[in-house]
$ cat target_13.json   # JSON, C-alpha atoms and all ligand atoms
[["chain", "number", "residue", "atom", "x", "y", "z"],
["F", 1, "MET", "CA", -34.72, 97.58, 39.77],
["F", 2, "MET", "CA", -37.64, 95.60, 38.39],
["F", 3, "LYS", "CA", -36.57, 93.13, 35.74],
["F", 4, "ALA", "CA", -37.72, 93.87, 32.19],
["F", 5, "VAL", "CA", -36.75, 91.83, 29.14],
["F", 6, "THR", "CA", -35.82, 93.62, 25.92],
["F", 7, "VAL", "CA", -36.31, 92.05, 22.50],
["F", 8, "LYS", "CA", -35.24, 93.49, 19.14],
["F", 9, "ASN", "CA", -37.96, 93.78, 16.49],
["F", 10, "LEU", "CA", -41.50, 92.47, 16.71],
["F", 11, "ASP", "CA", -41.05, 89.89, 13.96],
["F", 12, "SER", "CA", -38.53, 87.99, 16.10],
["F", 13, "LEU", "CA", -41.13, 87.35, 18.79],
["F", 14, "THR", "CA", -43.64, 84.48, 18.91],
["F", 15, "ARG", "CA", -46.59, 83.79, 21.16],
["F", 16, "GLU", "CA", -44.73, 80.83, 22.69],
["F", 17, "ARG", "CA", -41.77, 83.04, 23.55],
["F", 18, "VAL", "CA", -44.05, 85.64, 25.13],
["F", 19, "ILE", "CA", -45.54, 82.98, 27.40],
["F", 20, "GLU", "CA", -42.07, 81.75, 28.38],
["F", 21, "LEU", "CA", -41.01, 85.28, 29.23],
["F", 22, "LEU", "CA", -44.10, 85.88, 31.35],
["F", 23, "TYR", "CA", -42.75, 83.32, 33.81],
["F", 24, "GLU", "CA", -39.76, 85.56, 34.47],
["F", 25, "THR", "CA", -40.93, 89.13, 33.94],
["F", 26, "ARG", "CA", -43.95, 91.38, 34.05],
["F", 27, "LEU", "CA", -42.67, 93.56, 31.19],
["F", 28, "ILE", "CA", -41.42, 92.73, 27.70],
["F", 29, "ILE", "CA", -39.96, 95.64, 25.77],
["F", 30, "ILE", "CA", -39.81, 95.34, 21.98],
["F", 31, "GLU", "CA", -37.51, 97.83, 20.32],
["F", 32, "ASN", "CA", -38.24, 98.33, 16.65],
["F", 33, "GLU", "CA", -35.99, 99.94, 14.08],
["F", 34, "ASN", "CA", -39.05, 101.09, 12.18],
["F", 35, "ILE", "CA", -42.53, 101.82, 13.43],
["F", 36, "VAL", "CA", -44.63, 98.69, 12.96],
["F", 37, "PRO", "CA", -47.60, 99.49, 10.71],
["F", 38, "GLU", "CA", -51.04, 99.30, 12.35],
["F", 39, "LYS", "CA", -52.09, 96.26, 10.33],
["F", 40, "GLU", "CA", -49.06, 94.20, 11.42],
["F", 41, "LEU", "CA", -49.37, 95.35, 15.00],
["F", 42, "VAL", "CA", -53.00, 94.23, 15.17],
["F", 43, "GLN", "CA", -52.12, 90.92, 13.47],
["F", 44, "PHE", "CA", -49.49, 90.32, 16.14],
["F", 45, "TYR", "CA", -52.02, 91.02, 18.91],
["F", 46, "HIS", "CA", -54.40, 88.51, 17.31],
["F", 47, "HIS", "CA", -51.51, 86.01, 17.20],
["F", 48, "LEU", "CA", -51.10, 86.45, 20.98],
["F", 49, "GLY", "CA", -54.79, 86.02, 21.76],
["F", 50, "ASP", "CA", -57.99, 88.00, 21.41],
["F", 51, "PRO", "CA", -57.56, 91.75, 21.63],
["F", 52, "VAL", "CA", -60.57, 93.66, 22.92],
["F", 53, "SER", "CA", -62.19, 95.72, 20.19],
["F", 54, "PHE", "CA", -63.49, 99.03, 21.54],
["F", 55, "ASP", "CA", -66.75, 100.02, 19.93],
["F", 56, "ASN", "CA", -68.15, 103.40, 18.99],
["F", 57, "GLU", "CA", -69.73, 103.95, 22.37],
["F", 58, "TYR", "CA", -66.17, 104.24, 23.61],
["F", 59, "MET", "CA", -64.56, 106.12, 20.74],
["F", 60, "SER", "CA", -66.19, 107.66, 17.72],
["F", 61, "ASP", "CA", -65.64, 106.44, 14.17],
["F", 62, "GLU", "CA", -64.02, 109.76, 13.34],
["F", 63, "TYR", "CA", -61.53, 109.42, 16.16],
["F", 64, "ALA", "CA", -60.64, 105.80, 15.37],
["F", 65, "ASN", "CA", -60.37, 106.50, 11.66],
["F", 66, "GLU", "CA", -58.16, 109.50, 12.14],
["F", 67, "TRP", "CA", -55.83, 108.17, 14.84],
["F", 68, "SER", "CA", -55.69, 104.37, 14.57],
["F", 69, "LYS", "CA", -56.55, 103.81, 10.91],
["F", 70, "GLY", "CA", -59.91, 102.47, 12.06],
["F", 71, "TYR", "CA", -58.40, 99.58, 14.04],
["F", 72, "ARG", "CA", -60.57, 99.39, 17.13],
["F", 73, "GLU", "CA", -58.13, 97.07, 18.88],
["F", 74, "LEU", "CA", -55.90, 100.15, 19.25],
["F", 75, "ILE", "CA", -56.94, 102.96, 21.55],
["F", 76, "PRO", "CA", -55.15, 106.10, 20.40],
["F", 77, "VAL", "CA", -54.08, 107.80, 23.62],
["F", 78, "ARG", "CA", -53.28, 111.42, 22.98],
["F", 79, "ASN", "CA", -52.65, 114.65, 24.78],
["F", 80, "GLN", "CA", -55.84, 115.51, 26.60],
["F", 81, "GLU", "CA", -55.90, 119.16, 25.58],
["F", 82, "LEU", "CA", -54.96, 118.64, 21.97],
["F", 83, "SER", "CA", -57.26, 115.69, 21.43],
["F", 84, "GLY", "CA", -60.23, 117.43, 22.97],
["F", 85, "TYR", "CA", -61.30, 114.60, 25.21],
["F", 86, "GLY", "CA", -61.83, 115.57, 28.76],
["F", 87, "PRO", "CA", -63.06, 114.13, 32.01],
["F", 88, "PRO", "CA", -64.13, 111.46, 32.50],
["F", 89, "GLY", "CA", -61.78, 110.36, 29.73],
["F", 90, "LEU", "CA", -59.59, 107.43, 30.57],
["F", 91, "PHE", "CA", -55.79, 107.83, 30.36],
["F", 92, "SER", "CA", -55.96, 111.61, 30.36],
["F", 93, "GLY", "CA", -54.39, 111.95, 33.78],
["F", 94, "GLY", "CA", -55.07, 114.32, 36.62],
["F", 95, "GLU", "CA", -54.72, 118.07, 36.69],
["F", 96, "ASP", "CA", -50.99, 117.69, 37.22],
["F", 97, "GLY", "CA", -50.83, 115.55, 34.06],
["F", 98, "LYS", "CA", -49.85, 112.43, 35.97],
["F", 99, "VAL", "CA", -51.56, 109.08, 35.77],
["F", 100, "PRO", "CA", -50.99, 107.52, 39.21],
["F", 101, "TRP", "CA", -50.11, 103.89, 39.96],
["F", 102, "HIS", "CA", -52.88, 101.63, 38.78],
["F", 103, "LEU", "CA", -53.85, 98.52, 36.93],
["F", 104, "GLU", "CA", -57.00, 98.76, 34.92],
["F", 105, "SER", "CA", -58.65, 95.59, 36.19],
["F", 106, "GLN", "CA", -57.92, 96.46, 39.81],
["F", 107, "ASN", "CA", -61.36, 95.63, 41.14],
["F", 108, "ARG", "CA", -62.79, 93.17, 38.69],
["F", 109, "ASP", "CA", -62.63, 89.41, 38.96],
["F", 110, "THR", "CA", -62.54, 88.78, 35.23],
["F", 111, "HIS", "CA", -59.98, 90.63, 33.21],
["F", 112, "ASP", "CA", -57.59, 90.65, 30.29],
["F", 113, "ASP", "CA", -54.11, 89.17, 30.63],
["F", 114, "LEU", "CA", -51.95, 91.68, 28.83],
["F", 115, "ALA", "CA", -51.91, 95.41, 28.32],
["F", 116, "CYS", "CA", -49.88, 96.46, 25.30],
["F", 117, "PHE", "CA", -48.54, 99.92, 24.66],
["F", 118, "ALA", "CA", -47.18, 100.98, 21.25],
["F", 119, "MET", "CA", -45.48, 104.36, 21.00],
["F", 120, "ARG", "CA", -46.12, 106.07, 17.67],
["F", 121, "SER", "CA", -44.90, 109.60, 18.20],
["F", 122, "LEU", "CA", -43.01, 110.92, 21.17],
["F", 123, "PRO", "CA", -44.01, 113.92, 23.25],
["F", 124, "ASP", "CA", -41.82, 117.02, 23.33],
["F", 125, "THR", "CA", -40.88, 116.42, 26.96],
["F", 126, "GLY", "CA", -41.72, 113.96, 29.73],
["F", 127, "GLY", "CA", -44.12, 111.05, 29.53],
["F", 128, "ASP", "CA", -41.94, 108.32, 31.10],
["F", 129, "THR", "CA", -43.94, 105.27, 32.16],
["F", 130, "TYR", "CA", -43.06, 103.47, 35.39],
["F", 131, "PHE", "CA", -43.85, 99.85, 36.15],
["F", 132, "MET", "CA", -43.96, 97.97, 39.45],
["F", 133, "ASP", "CA", -43.50, 94.23, 39.90],
["F", 134, "GLN", "CA", -45.97, 92.82, 42.42],
["F", 135, "LYS", "CA", -45.13, 89.21, 41.78],
["F", 136, "ILE", "CA", -41.59, 89.63, 43.11],
["F", 137, "MET", "CA", -43.04, 91.72, 45.94],
["F", 138, "TYR", "CA", -45.31, 88.79, 46.79],
["F", 139, "ASP", "CA", -42.38, 86.33, 46.68],
["F", 140, "ASN", "CA", -40.42, 88.53, 49.07],
["F", 141, "LEU", "CA", -43.25, 89.10, 51.53],
["F", 142, "ILE", "CA", -45.24, 85.92, 51.69],
["F", 143, "LYS", "CA", -42.87, 84.04, 53.98],
["F", 144, "LEU", "CA", -42.83, 86.94, 56.42],
["F", 145, "PHE", "CA", -46.55, 87.63, 56.20],
["F", 146, "PRO", "CA", -48.41, 84.44, 55.24],
["F", 147, "GLU", "CA", -51.64, 86.16, 56.23],
["F", 148, "LEU", "CA", -51.39, 88.16, 52.98],
["F", 149, "GLU", "CA", -52.73, 85.06, 51.28],
["F", 150, "GLU", "CA", -56.13, 85.39, 52.94],
["F", 151, "HIS", "CA", -56.44, 89.15, 52.77],
["F", 152, "GLU", "CA", -59.41, 90.71, 51.02],
["F", 153, "VAL", "CA", -59.39, 94.24, 49.67],
["F", 154, "ASP", "CA", -62.55, 96.13, 50.50],
["F", 155, "TRP", "CA", -63.52, 98.06, 47.41],
["F", 156, "SER", "CA", -66.86, 99.33, 48.62],
["F", 157, "ASN", "CA", -65.24, 102.70, 49.17],
["F", 158, "ARG", "CA", -63.78, 102.93, 45.70],
["F", 159, "PHE", "CA", -65.84, 105.90, 44.65],
["F", 160, "ALA", "CA", -65.61, 107.55, 48.00],
["F", 161, "ALA", "CA", -67.15, 110.76, 46.76],
["F", 162, "GLU", "CA", -69.95, 108.87, 45.15],
["F", 163, "GLU", "CA", -72.80, 108.08, 47.38],
["F", 164, "PRO", "CA", -76.24, 107.22, 46.12],
["F", 165, "GLU", "CA", -77.36, 110.80, 46.59],
["F", 166, "ASN", "CA", -74.27, 112.40, 45.04],
["F", 167, "ASP", "CA", -74.62, 114.80, 42.15],
["F", 168, "LEU", "CA", -71.63, 113.61, 40.16],
["F", 169, "PRO", "CA", -72.52, 112.58, 36.63],
["F", 170, "TYR", "CA", -71.71, 108.93, 37.26],
["F", 171, "ASN", "CA", -72.25, 106.68, 40.18],
["F", 172, "PRO", "CA", -71.60, 102.97, 39.79],
["F", 173, "TRP", "CA", -73.44, 102.13, 42.97],
["F", 174, "THR", "CA", -76.64, 103.48, 41.50],
["F", 175, "LYS", "CA", -76.61, 104.56, 37.89],
["F", 176, "TRP", "CA", -74.76, 106.95, 35.73],
["F", 177, "ASP", "CA", -76.33, 109.91, 34.10],
["F", 178, "GLU", "CA", -76.94, 109.38, 30.40],
["F", 179, "LYS", "CA", -76.04, 113.02, 29.79],
["F", 180, "CYS", "CA", -72.43, 112.46, 30.76],
["F", 181, "ILE", "CA", -71.88, 109.64, 28.34],
["F", 182, "LYS", "CA", -70.37, 111.51, 25.46],
["F", 183, "GLY", "CA", -67.19, 113.31, 26.42],
["F", 184, "GLY", "CA", -65.45, 115.83, 24.17],
["F", 185, "ASP", "CA", -64.47, 113.59, 21.32],
["F", 186, "GLY", "CA", -66.70, 110.66, 22.07],
["F", 187, "TRP", "CA", -64.40, 109.35, 24.81],
["F", 188, "ASN", "CA", -65.82, 107.99, 27.96],
["F", 189, "PHE", "CA", -64.34, 105.35, 30.16],
["F", 190, "MET", "CA", -67.73, 104.58, 31.63],
["F", 191, "ARG", "CA", -68.61, 103.23, 28.22],
["F", 192, "MET", "CA", -65.57, 101.01, 27.96],
["F", 193, "LYS", "CA", -66.62, 97.42, 27.48],
["F", 194, "ASP", "CA", -65.07, 94.06, 28.21],
["F", 195, "ILE", "CA", -64.49, 91.43, 25.54],
["F", 196, "ASP", "CA", -67.98, 90.01, 26.16],
["F", 197, "GLY", "CA", -69.57, 93.36, 25.33],
["F", 198, "LYS", "CA", -70.53, 94.20, 28.93],
["F", 199, "TYR", "CA", -69.65, 97.53, 30.48],
["F", 200, "LEU", "CA", -66.54, 97.28, 32.64],
["F", 201, "ILE", "CA", -68.07, 99.57, 35.21],
["F", 202, "ASP", "CA", -70.80, 96.96, 35.81],
["F", 203, "LYS", "CA", -68.20, 94.32, 36.59],
["F", 204, "GLU", "CA", -66.61, 96.02, 39.55],
["F", 205, "VAL", "CA", -66.70, 93.96, 42.72],
["F", 206, "LYS", "CA", -66.94, 95.24, 46.27],
["F", 207, "SER", "CA", -64.37, 92.84, 47.65],
["F", 208, "LYS", "CA", -61.43, 91.09, 46.03],
["F", 209, "PRO", "CA", -58.53, 88.93, 47.27],
["F", 210, "LEU", "CA", -55.21, 90.71, 47.56],
["F", 211, "VAL", "CA", -53.35, 87.67, 46.23],
["F", 212, "THR", "CA", -54.40, 86.19, 42.90],
["F", 213, "LYS", "CA", -53.14, 83.49, 40.59],
["F", 214, "ASN", "CA", -51.80, 84.61, 37.23],
["F", 215, "THR", "CA", -54.22, 83.42, 34.55],
["F", 216, "ILE", "CA", -51.38, 82.37, 32.22],
["F", 217, "THR", "CA", -48.51, 81.16, 34.40],
["F", 218, "GLY", "CA", -50.42, 80.17, 37.54],
["F", 219, "GLN", "CA", -47.87, 82.10, 39.60],
["F", 220, "ARG", "CA", -49.20, 83.94, 42.62],
["F", 221, "GLY", "CA", -48.82, 87.67, 43.10],
["F", 222, "LEU", "CA", -50.34, 90.77, 44.62],
["F", 223, "MET", "CA", -53.11, 92.37, 42.62],
["F", 224, "PHE", "CA", -53.85, 95.77, 43.97],
["F", 225, "PRO", "CA", -53.24, 99.32, 42.79],
["F", 226, "CYS", "CA", -51.29, 100.78, 45.65],
["F", 227, "GLN", "CA", -52.34, 104.42, 45.55],
["F", 228, "THR", "CA", -56.01, 103.68, 45.12],
["F", 229, "VAL", "CA", -56.01, 101.10, 47.86],
["F", 230, "PHE", "CA", -53.96, 103.19, 50.24],
["F", 231, "ASN", "CA", -56.63, 105.83, 49.97],
["F", 232, "LEU", "CA", -59.21, 103.23, 50.94],
["F", 233, "LYS", "CA", -57.42, 101.26, 53.62],
["F", 234, "PRO", "CA", -58.41, 101.46, 57.20],
["F", 235, "LYS", "CA", -55.43, 103.25, 58.80],
["F", 236, "SER", "CA", -55.10, 100.46, 61.31],
["F", 237, "ASP", "CA", -54.54, 97.84, 58.64],
["F", 238, "PHE", "CA", -51.08, 96.52, 59.42],
["F", 239, "LEU", "CA", -50.62, 94.65, 56.15],
["F", 240, "PHE", "CA", -51.37, 97.73, 54.10],
["F", 241, "GLN", "CA", -48.86, 99.67, 56.16],
["F", 242, "VAL", "CA", -46.27, 97.03, 55.24],
["F", 243, "LEU", "CA", -47.26, 97.16, 51.59],
["F", 244, "GLU", "CA", -47.21, 100.92, 51.46],
["F", 245, "LYS", "CA", -43.55, 100.92, 52.51],
["F", 246, "GLU", "CA", -42.75, 98.09, 50.13],
["F", 247, "CYS", "CA", -44.22, 99.95, 47.15],
["F", 248, "GLU", "CA", -41.74, 102.78, 47.70],
["F", 249, "LYS", "CA", -38.76, 100.52, 47.08],
["F", 250, "GLU", "CA", -36.86, 100.97, 43.86],
["F", 251, "GLU", "CA", -36.13, 97.26, 43.55],
["F", 252, "TYR", "CA", -39.72, 96.72, 42.34],
["F", 253, "GLN", "CA", -39.77, 99.63, 39.91],
["F", 254, "TYR", "CA", -38.66, 100.24, 36.36],
["F", 255, "CYS", "CA", -38.81, 103.56, 34.49],
["F", 256, "HIS", "CA", -39.34, 103.30, 30.75],
["F", 257, "LYS", "CA", -37.95, 106.14, 28.66],
["F", 258, "TRP", "CA", -39.76, 105.75, 25.38],
["F", 259, "LYS", "CA", -38.22, 105.54, 21.95],
["F", 260, "SER", "CA", -40.35, 105.87, 18.86],
["F", 261, "GLY", "CA", -41.61, 102.46, 17.73],
["F", 262, "ASP", "CA", -41.34, 100.80, 21.16],
["F", 263, "ILE", "CA", -43.99, 98.20, 21.93],
["F", 264, "LEU", "CA", -44.46, 97.08, 25.54],
["F", 265, "ILE", "CA", -46.22, 93.89, 26.58],
["F", 266, "ASN", "CA", -47.22, 94.12, 30.21],
["F", 267, "ASP", "CA", -48.67, 91.48, 32.53],
["F", 268, "ILE", "CA", -51.64, 93.47, 33.75],
["F", 269, "GLN", "CA", -52.27, 91.31, 36.80],
["F", 270, "HIS", "CA", -49.22, 91.46, 39.01],
["F", 271, "SER", "CA", -47.77, 94.77, 37.97],
["F", 272, "LEU", "CA", -48.78, 98.40, 38.10],
["F", 273, "HIS", "CA", -47.93, 101.33, 35.90],
["F", 274, "LYS", "CA", -47.96, 105.10, 36.19],
["F", 275, "ARG", "CA", -47.20, 107.92, 33.76],
["F", 276, "GLU", "CA", -45.38, 111.17, 34.21],
["F", 277, "PRO", "CA", -46.78, 114.41, 32.77],
["F", 278, "TYR", "CA", -45.71, 115.34, 29.26],
["F", 279, "THR", "CA", -45.94, 118.15, 26.74],
["F", 280, "GLY", "CA", -46.66, 117.87, 23.02],
["F", 281, "ASP", "CA", -48.88, 115.70, 20.90],
["F", 282, "ARG", "CA", -47.81, 112.23, 21.91],
["F", 283, "LEU", "CA", -49.58, 109.32, 20.24],
["F", 284, "MET", "CA", -49.58, 105.89, 21.85],
["F", 285, "TYR", "CA", -51.81, 102.90, 21.17],
["F", 286, "ARG", "CA", -53.10, 101.06, 24.16],
["F", 287, "SER", "CA", -54.56, 97.56, 23.75],
["F", 288, "SER", "CA", -56.03, 94.80, 25.95],
["F", 289, "ILE", "CA", -55.51, 91.14, 25.17],
["F", 290, "TYR", "CA", -57.17, 87.98, 26.45],
["F", 291, "MET", "CA", -55.03, 84.90, 25.92],
["F", 292, "PRO", "CA", -56.71, 81.54, 25.32],
["F", 293, "GLU", "CA", -55.13, 80.19, 28.54],
["F", 294, "ASN", "CA", -57.20, 82.58, 30.68],
["F", 295, "PRO", "CA", -59.74, 80.49, 32.65],
["F", 296, "ASN", "CA", -61.57, 83.65, 33.73],
["F", 297, "ASP", "CA", -62.35, 84.89, 30.25],
["F", 298, "PRO", "CA", -65.97, 86.04, 30.70],
["F", 299, "ARG", "CA", -66.92, 84.41, 27.41],
["F", 300, "LYS", "CA", -66.11, 81.03, 28.95],
["F", 301, "GLN", "CA", -68.62, 81.33, 31.76],
["F", 302, "PHE", "CA", -71.27, 79.37, 29.90],
["F", 303, "LEU", "CA", -68.91, 76.59, 28.92],
["F", 304, "HIS", "CA", -68.50, 75.06, 32.35],
["T", 401, "FE", "FE", -53.08, 102.16, 32.44]]
$ encode --input "target_13.json" --output "structure tokens" --more "lines below"
Ligand SMILES: [Fe+2]
Amino acid sequence: MMKAVTVKNLDSLTRERVIELLYETRLIIIENENIVPEKELVQFYHHLGDPVSFDNEYMSDEYANEWSKGYRELIPVRNQELSGYGPPGLFSGGEDGKVPWHLESQNRDTHDDLACFAMRSLPDTGGDTYFMDQKIMYDNLIKLFPELEEHEVDWSNRFAAEEPENDLPYNPWTKWDEKCIKGGDGWNFMRMKDIDGKYLIDKEVKSKPLVTKNTITGQRGLMFPCQTVFNLKPKSDFLFQVLEKECEKEEYQYCHKWKSGDILINDIQHSLHKREPYTGDRLMYRSSIYMPENPNDPRKQFLH
């Protein structure tokens, strides 16, 4: 099973300790006796680094005020049907209610370091989140397949259904349709911005190395979302065939069964996550954090 480290209560954890733990795990679980109030949660995220603040092009004032006390560092992720946000709303899952294996910055070369998840109210049933450790996977495979180190993932197929002449409402290879911008409740992942205020969708690259260096620890690991990439791979690609089998193994996976008040700090570079379907009005806050150690912080590009 993938190693996760559990800590009791948020106030026992410091930024220094988080960095230490990132050398040994991709997932820190903080169990809290009481639900940490929004203000303290956001203060803790600012203690770790700079959380991304999601503006009102991404979520409306009404939504943020009602569901995250106006703290824009916290994205209130709720049941798609009950919350009223629909496609193309991020985090809502597919028709089967599942969110498949992914990491949000899968095909960008600048990205946040940590994704944090804070559970506020549990669903009636379901909603387990799985994690996969792709640093340990790298450690296990690199001696056998040193060619992994040089492998590039071809992302030019990412939106396979989206060709310049397609009639979908968004098309990152050309332009998206302004009419699609506002989803049900003001949600739209195409309007999600990075910490420098640029649209994430404009930062997607067409090719990216399979192996990257962790921006905090410098450790190497695999950075690819298996299910997305396996849909893109040329069938003849031997390394992806190896990886596809490897991703099935339980030794890299951890299933988190949520308790109310849990806060998860996840290395968003060398691990993946997926979510099972659930019923009921679950409320979870999802946040993105840049740590000052990150040399690829897009705000630093003019400094050197
Ligand atoms: Fe995610």
$ closest_atom_pairs --input "target_13.json" --of "chain F" --to "ligand FE 401 (chain T)" --cutoff "9 Å" --atoms "only C-alpha atoms and all ligand atoms" --output "JSON lines"
{"residue": "F:Leu90", "atom": "CA", "partner": "T:FE401", "partner_atom": "FE", "distance": 8.6}
{"residue": "F:Phe91", "atom": "CA", "partner": "T:FE401", "partner_atom": "FE", "distance": 6.6}
{"residue": "F:Val99", "atom": "CA", "partner": "T:FE401", "partner_atom": "FE", "distance": 7.8}
{"residue": "F:Pro100", "atom": "CA", "partner": "T:FE401", "partner_atom": "FE", "distance": 8.9}
{"residue": "F:Trp101", "atom": "CA", "partner": "T:FE401", "partner_atom": "FE", "distance": 8.3}
{"residue": "F:His102", "atom": "CA", "partner": "T:FE401", "partner_atom": "FE", "distance": 6.4}
{"residue": "F:Leu103", "atom": "CA", "partner": "T:FE401", "partner_atom": "FE", "distance": 5.8}
{"residue": "F:Glu104", "atom": "CA", "partner": "T:FE401", "partner_atom": "FE", "distance": 5.8}
{"residue": "F:Ala115", "atom": "CA", "partner": "T:FE401", "partner_atom": "FE", "distance": 8.0}
{"residue": "F:Ile268", "atom": "CA", "partner": "T:FE401", "partner_atom": "FE", "distance": 8.9}
{"residue": "F:Leu272", "atom": "CA", "partner": "T:FE401", "partner_atom": "FE", "distance": 8.0}
{"residue": "F:His273", "atom": "CA", "partner": "T:FE401", "partner_atom": "FE", "distance": 6.3}
{"residue": "F:Lys274", "atom": "CA", "partner": "T:FE401", "partner_atom": "FE", "distance": 7.0}
{"residue": "F:Arg275", "atom": "CA", "partner": "T:FE401", "partner_atom": "FE", "distance": 8.3}
{"residue": "F:Arg286", "atom": "CA", "partner": "T:FE401", "partner_atom": "FE", "distance": 8.4}
$ write_last_selection --input "target_13.json" --atoms "C-alpha atoms" --output "short mmCIF file (atom, residue, chain, number, x, y, z; two decimals), keeping the file's coordinate frame"
data_model
loop_
_atom_site.label_atom_id
_atom_site.label_comp_id
_atom_site.auth_asym_id
_atom_site.auth_seq_id
_atom_site.Cartn_x
_atom_site.Cartn_y
_atom_site.Cartn_z
CA LEU F 90 -59.59 107.43 30.57
CA PHE F 91 -55.79 107.83 30.36
CA VAL F 99 -51.56 109.08 35.77
CA PRO F 100 -50.99 107.52 39.21
CA TRP F 101 -50.11 103.89 39.96
CA HIS F 102 -52.88 101.63 38.78
CA LEU F 103 -53.85 98.52 36.93
CA GLU F 104 -57.00 98.76 34.92
CA ALA F 115 -51.91 95.41 28.32
CA ILE F 268 -51.64 93.47 33.75
CA LEU F 272 -48.78 98.40 38.10
CA HIS F 273 -47.93 101.33 35.90
CA LYS F 274 -47.96 105.10 36.19
CA ARG F 275 -47.20 107.92 33.76
CA ARG F 286 -53.10 101.06 24.16
#
$ closest_residue --input "target_13.json" --among "F:Asp237, F:Glu152, F:Asp113, F:Glu248" --to "Asn214 of chain F" --atoms "only C-alpha atoms"
F:Asp113
$ residues_around --input "target_13.json" --residues "Pro209 of chain F" --least-positions-apart "2" --cutoff "8 Å" --atoms "all atoms listed in the file" --output "VMD selection string"
chain F and resid 150 to 153 207 211 to 212 223
$ closest_residue --input "target_13.json" --among "F:Ser260, F:Asn79, F:Asn266, F:Ser60" --to "Thr279 of chain F" --atoms "only C-alpha atoms"
F:Asn79
$ residues_around --input "target_13.json" --residues "Ser105 of chain F" --least-positions-apart "5" --cutoff "12 Å" --atoms "all atoms listed in the file" --output "VMD selection string"
chain F and resid 110 to 115 193 to 194 200 to 201 203 to 205 208 223 to 225 267 to 272 288
$ write_last_selection --input "target_13.json" --atoms "C-alpha atoms" --output "CSV table (one decimal), in the frame of the given file"
chain,number,residue,atom,x,y,z
F,110,THR,CA,-62.5,88.8,35.2
F,111,HIS,CA,-60.0,90.6,33.2
F,112,ASP,CA,-57.6,90.6,30.3
F,113,ASP,CA,-54.1,89.2,30.6
F,114,LEU,CA,-52.0,91.7,28.8
F,115,ALA,CA,-51.9,95.4,28.3
F,193,LYS,CA,-66.6,97.4,27.5
F,194,ASP,CA,-65.1,94.1,28.2
F,200,LEU,CA,-66.5,97.3,32.6
F,201,ILE,CA,-68.1,99.6,35.2
F,203,LYS,CA,-68.2,94.3,36.6
F,204,GLU,CA,-66.6,96.0,39.6
F,205,VAL,CA,-66.7,94.0,42.7
F,208,LYS,CA,-61.4,91.1,46.0
F,223,MET,CA,-53.1,92.4,42.6
F,224,PHE,CA,-53.8,95.8,44.0
F,225,PRO,CA,-53.2,99.3,42.8
F,267,ASP,CA,-48.7,91.5,32.5
F,268,ILE,CA,-51.6,93.5,33.8
F,269,GLN,CA,-52.3,91.3,36.8
F,270,HIS,CA,-49.2,91.5,39.0
F,271,SER,CA,-47.8,94.8,38.0
F,272,LEU,CA,-48.8,98.4,38.1
F,288,SER,CA,-56.0,94.8,26.0
$ atom_distance --input "target_13.json" --atom1 "atom CA of Asp196 of chain F" --atom2 "atom CA of Glu62 of chain F"
23.9 Å
$ atom_distance --input "target_13.json" --atom1 "atom CA of Tyr58 of chain F" --atom2 "atom CA of Val36 of chain F"
24.7 Å
$ closest_residue --input "target_13.json" --among "F:Glu149, F:Asp50, F:Pro123, F:Tyr278" --to "Gly93 of chain F" --atoms "only C-alpha atoms"
F:Tyr278
$ closest_residue --input "target_13.json" --among "F:Pro277, F:Met137, F:Trp67, F:Asn56" --to "Lys245 of chain F" --atoms "all atoms listed in the file"
F:Met137
$ atom_distance --input "target_13.json" --atom1 "atom CA of Arg78 of chain F" --atom2 "atom CA of Val42 of chain F"
18.9 Å
$ closest_residue --input "target_13.json" --among "F:Asp262, F:Glu276, F:Glu73, F:Asp128" --to "Glu31 of chain F" --atoms "all atoms listed in the file"
F:Asp262
$ residues_around --input "target_13.json" --residues "Phe44 of chain F" --least-positions-apart "3" --cutoff "12 Å" --atoms "all atoms listed in the file" --output "compact mmCIF listing (two decimals) with C-alpha atoms, in the coordinates of the input"
# COMPACT_ATOMS: atom_id res chain seq x y z
CA LEU F 10 -41.50 92.47 16.71
CA ASP F 11 -41.05 89.89 13.96
CA SER F 12 -38.53 87.99 16.10
CA LEU F 13 -41.13 87.35 18.79
CA THR F 14 -43.64 84.48 18.91
CA ARG F 15 -46.59 83.79 21.16
CA VAL F 18 -44.05 85.64 25.13
CA VAL F 36 -44.63 98.69 12.96
CA PRO F 37 -47.60 99.49 10.71
CA GLU F 38 -51.04 99.30 12.35
CA LYS F 39 -52.09 96.26 10.33
CA GLU F 40 -49.06 94.20 11.42
CA LEU F 41 -49.37 95.35 15.00
CA HIS F 47 -51.51 86.01 17.20
CA LEU F 48 -51.10 86.45 20.98
CA GLY F 49 -54.79 86.02 21.76
CA ASP F 50 -57.99 88.00 21.41
CA PRO F 51 -57.56 91.75 21.63
CA GLU F 73 -58.13 97.07 18.88
CA CYS F 116 -49.88 96.46 25.30
CA ILE F 263 -43.99 98.20 21.93
CA ILE F 265 -46.22 93.89 26.58
CA SER F 287 -54.56 97.56 23.75
CA ILE F 289 -55.51 91.14 25.17
$ closest_residue --input "target_13.json" --among "F:Gln106, F:Thr129, F:Gln43, F:Gln219" --to "Leu264 of chain F" --atoms "only C-alpha atoms"
F:Thr129
$ residues_around --input "target_13.json" --residues "Ile136 of chain F" --least-positions-apart "2" --cutoff "12 Å" --atoms "all atoms listed in the file" --output "ChimeraX atom specification"
/F:1-3,23-26,132-134,138-142,219-223,246-247,249,251-253,270-271
$ axis_aligned_box --input "target_13.json" --around "segment 58-74 of chain F" --padding-each-side "4 Å" --output "AutoDock Vina command-line options"
--center_x -60.9 --center_y 103.4 --center_z 17.3 --size_x 18.5 --size_y 20.7 --size_z 20.7
